[in-house]
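Visitor: Submitted below is the structure of interest, expressed as structure tokens.
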Amino acid sequence: CRKASAKVITINVSGGNSKEIFELFTNKLVFSDFYLFYIFWQKCDLHKLEEGPPLQAVLSREEGLQYYRTMQTMRRMELKADQLYKQKIIRGFCHLYDGQEACAVGIEAGINLSDHLITAYRAHGYTLTRGGTVREIMAELTGRRGGIAKGKGGSMHMYTKHFYGGNGIVGAQVPLGAGVALACKYLGKNELCVCLYGDGAANQGQIFETYNMASLWKLPCIFICENNKYGMGTSVERAAASTDYYKRGDFIPGLRVDGMDVLCVREATKLAAEHCRSGKGPILMELQTYRYHGHSMSDPGVSYRTRDEIQEVRSKSDPISMLKDRMLSNNMASVEELKEIDVEVRKEIEDAAQFATTDPEPPLDDLCNHIFYNDPPMEVRGTNPWTKLKSVS
């Protein structure tokens with residue numbers, strides 16, 4: 001422990017209500033002290049792995065508060081996007097991530113920012129964890145010049161350093177991710193690529209081709225299937241002959257994880273990252289999660305599932321509520337402290353929404369900029385042969 005007033009808390013999550021609390025020192029603890037929080041859960045399902053993640057995780061108070069803030073920011077940002085979409089301020093495609101926050105936060109906690117990540121079109125949360133700001137994300141959603149892609153990418157095409165989107169074609173990001181992993185291996189920097197896709201994309205042929213190449217070349221790639229139970233409006237049971245997505249790699253080791261538990265995701269990601277960095281090649285993770293919204297904003301999300309089903313997940317497995325309850329029940333934070341974070345997050349979201357609705361749209365002159373990286377200015381043909389536009393890197 002780092003301080004004399006540290007406290008170790010052991011809690012059995014899978015086995016019932018038994019708790020053992022050990023105070024290492026007798027002096028009075030305050031919330032600013034350092035905590036170690038050991039959480040035990042049931043084993044992950046494994047495929048071609050002799051050993052899974054450890055059955056206990058260590059959570060410091062600082063980590064817990066950071067995870068809570070980030071997940072709350074994601075949740076509030078997506079709810080604000082829903083509101084702006086219904087006001088017709090955000091137009092076009094818009095796929096929201098609320099309910100799946102523990103996946104993004106847990107994955108980021110298990111890798112380094114110098115590692116690489118690529119995902120599909122449900123990308124707002126990962127844009128945030130990879131270093132984007134709420135203002136940049138909201139402005140991109142409204143197509144403004146201050147957006148993270150200068151207002152030209154929209155919901156599905158956001159990028160930051162070591163984050164390659166945001167890809168609109170179902171499953172197409174998977175071979176691209178393997179290409180990034182090949183670059184990691186070629187450059188020898190001990191980096192890896194996390195390549196995410198959904199259960200709806202899991203039957204794509206290009207994914208199996210990528211598995212084969214990644215395994216042959218032992219690429220440092222973590223393939224992650226975010227199984228939110230529905231591919232668009234089709235349940236996994238109706239779409240897949242086998243719903244054991246973590247076994248789909250066949251010759252690639254895999255594990256199935258509770259994607260609603262941020263610590264479970266974190267520990268599984270750490271194991272997967274160590275597997276890749278040790279030169280053993282790719283590994284496959286299935287995160288069992290759930291989205292509260294429909295597939296996109298054009299899908300109300302209640303024609304193929306009931307409102308009771310959604311409410312049951314919210315009440316029993318919500319990732320933010322689970323983390324909040326753990327921290328409160330084990331004196332890692334106070335109710336007032338978490339409420340203060342909630343207020344700060346709401347203000348950040350409102351300020352970002354204000355910016356996203358008042359920032360100017362990009363002018364036509366910016367349309368063709370950034371086609372190439374670090375190239376001299378060039379002319380680009382417009383909608384007809386005699387219309388010329390200028391492109392600047």
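Letters for chains follow the order of the structure tokens (A, B, ...), residue numbers begin at 1 for each chain, and ligand numbers begin at 1 in the order shown.
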For A:Ser235, please output as a ChimeraX atom specification all residues within 12 Å (counting only C-alpha atoms; exclusion window: fewer than 5 positions along the same chain).
Guide: /A:199-200,227-230,240-241,243,290,295,301,303-305
Visitor: What are the DSSP alpha helix (DSSP H) residues of stretch 52-165 of chain A, as a ChimeraX atom specification?
Guide: /A:61-86,101-110,124-129,134-141
Visitor: Take the residues just selected and output them with C-alpha atoms as a PDB file, in the first residue's frame.
Guide:
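Okay, selection04.pdb is ready:
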ATOM      1  CA  ARG A  61      -9.987   4.720  -5.493  1.00  0.00           C
ATOM      2  CA  GLU A  62      -8.388   6.956  -8.118  1.00  0.00           C
ATOM      3  CA  GLU A  63      -9.007   4.361 -10.843  1.00  0.00           C
ATOM      4  CA  GLY A  64     -12.594   3.842  -9.738  1.00  0.00           C
ATOM      5  CA  LEU A  65     -13.377   7.539  -9.868  1.00  0.00           C
ATOM      6  CA  GLN A  66     -11.746   7.872 -13.295  1.00  0.00           C
ATOM      7  CA  TYR A  67     -13.685   4.911 -14.713  1.00  0.00           C
ATOM      8  CA  TYR A  68     -16.897   6.350 -13.285  1.00  0.00           C
ATOM      9  CA  ARG A  69     -16.291   9.798 -14.757  1.00  0.00           C
ATOM     10  CA  THR A  70     -15.414   8.435 -18.195  1.00  0.00           C
ATOM     11  CA  MET A  71     -18.427   6.124 -18.365  1.00  0.00           C
ATOM     12  CA  GLN A  72     -20.754   8.888 -17.185  1.00  0.00           C
ATOM     13  CA  THR A  73     -19.312  11.222 -19.814  1.00  0.00           C
ATOM     14  CA  MET A  74     -19.961   8.628 -22.530  1.00  0.00           C
ATOM     15  CA  ARG A  75     -23.507   8.045 -21.291  1.00  0.00           C
ATOM     16  CA  ARG A  76     -24.419  11.720 -21.081  1.00  0.00           C
ATOM     17  CA  MET A  77     -22.769  12.468 -24.415  1.00  0.00           C
ATOM     18  CA  GLU A  78     -24.837   9.797 -26.151  1.00  0.00           C
ATOM     19  CA  LEU A  79     -28.056  10.949 -24.504  1.00  0.00           C
ATOM     20  CA  LYS A  80     -27.336  14.489 -25.672  1.00  0.00           C
ATOM     21  CA  ALA A  81     -26.680  13.171 -29.185  1.00  0.00           C
ATOM     22  CA  ASP A  82     -30.069  11.451 -29.050  1.00  0.00           C
ATOM     23  CA  GLN A  83     -31.691  14.771 -28.124  1.00  0.00           C
ATOM     24  CA  LEU A  84     -29.914  16.730 -30.869  1.00  0.00           C
ATOM     25  CA  TYR A  85     -30.776  14.070 -33.439  1.00  0.00           C
ATOM     26  CA  LYS A  86     -34.456  14.261 -32.578  1.00  0.00           C
ATOM     27  CA  GLU A 101     -19.465   1.871 -21.724  1.00  0.00           C
ATOM     28  CA  ALA A 102     -17.651  -0.782 -19.672  1.00  0.00           C
ATOM     29  CA  CYS A 103     -16.268  -2.307 -22.874  1.00  0.00           C
ATOM     30  CA  ALA A 104     -14.450   0.831 -24.023  1.00  0.00           C
ATOM     31  CA  VAL A 105     -13.253   1.889 -20.562  1.00  0.00           C
ATOM     32  CA  GLY A 106     -12.152  -1.629 -19.586  1.00  0.00           C
ATOM     33  CA  ILE A 107     -10.268  -2.179 -22.842  1.00  0.00           C
ATOM     34  CA  GLU A 108      -8.422   1.136 -22.550  1.00  0.00           C
ATOM     35  CA  ALA A 109      -7.486   0.320 -18.955  1.00  0.00           C
ATOM     36  CA  GLY A 110      -5.895  -2.936 -20.124  1.00  0.00           C
ATOM     37  CA  HIS A 124     -18.163   7.837 -30.157  1.00  0.00           C
ATOM     38  CA  GLY A 125     -17.022   6.185 -26.914  1.00  0.00           C
ATOM     39  CA  TYR A 126     -13.699   5.017 -28.316  1.00  0.00           C
ATOM     40  CA  THR A 127     -13.038   8.447 -29.812  1.00  0.00           C
ATOM     41  CA  LEU A 128     -13.303   9.801 -26.264  1.00  0.00           C
ATOM     42  CA  THR A 129     -11.081   7.172 -24.613  1.00  0.00           C
ATOM     43  CA  VAL A 134     -16.446  15.942 -25.928  1.00  0.00           C
ATOM     44  CA  ARG A 135     -16.490  19.283 -27.795  1.00  0.00           C
ATOM     45  CA  GLU A 136     -14.732  17.769 -30.811  1.00  0.00           C
ATOM     46  CA  ILE A 137     -17.030  14.752 -30.871  1.00  0.00           C
ATOM     47  CA  MET A 138     -20.253  16.742 -30.529  1.00  0.00           C
ATOM     48  CA  ALA A 139     -19.119  19.254 -33.149  1.00  0.00           C
ATOM     49  CA  GLU A 140     -18.319  16.410 -35.528  1.00  0.00           C
ATOM     50  CA  LEU A 141     -21.806  14.998 -35.012  1.00  0.00           C
TER      51      LEU A 141
END
Visitor: Choose the residue, out of A:His157, A:Lys48, A:Arg291, A:Lys43, that has the smallest atom-to-atom separation from A:Gly254; count only C-alpha atoms.
Guide: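 Nearest to A:Gly254: A:Lys48.
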Visitor: Might you pull out every residue within 7 Å of A:Cys94, with only C-alpha atoms counted and same-chain residues fewer than 4 positions away left off, and present them as an NGL selection string?
Guide: :A and (155 or 296-297)
Visitor: What is the atom CA of A:Gly279-atom CA of A:Leu263 distance in Å, reported with one decimal?
Guide: 25.0 Å
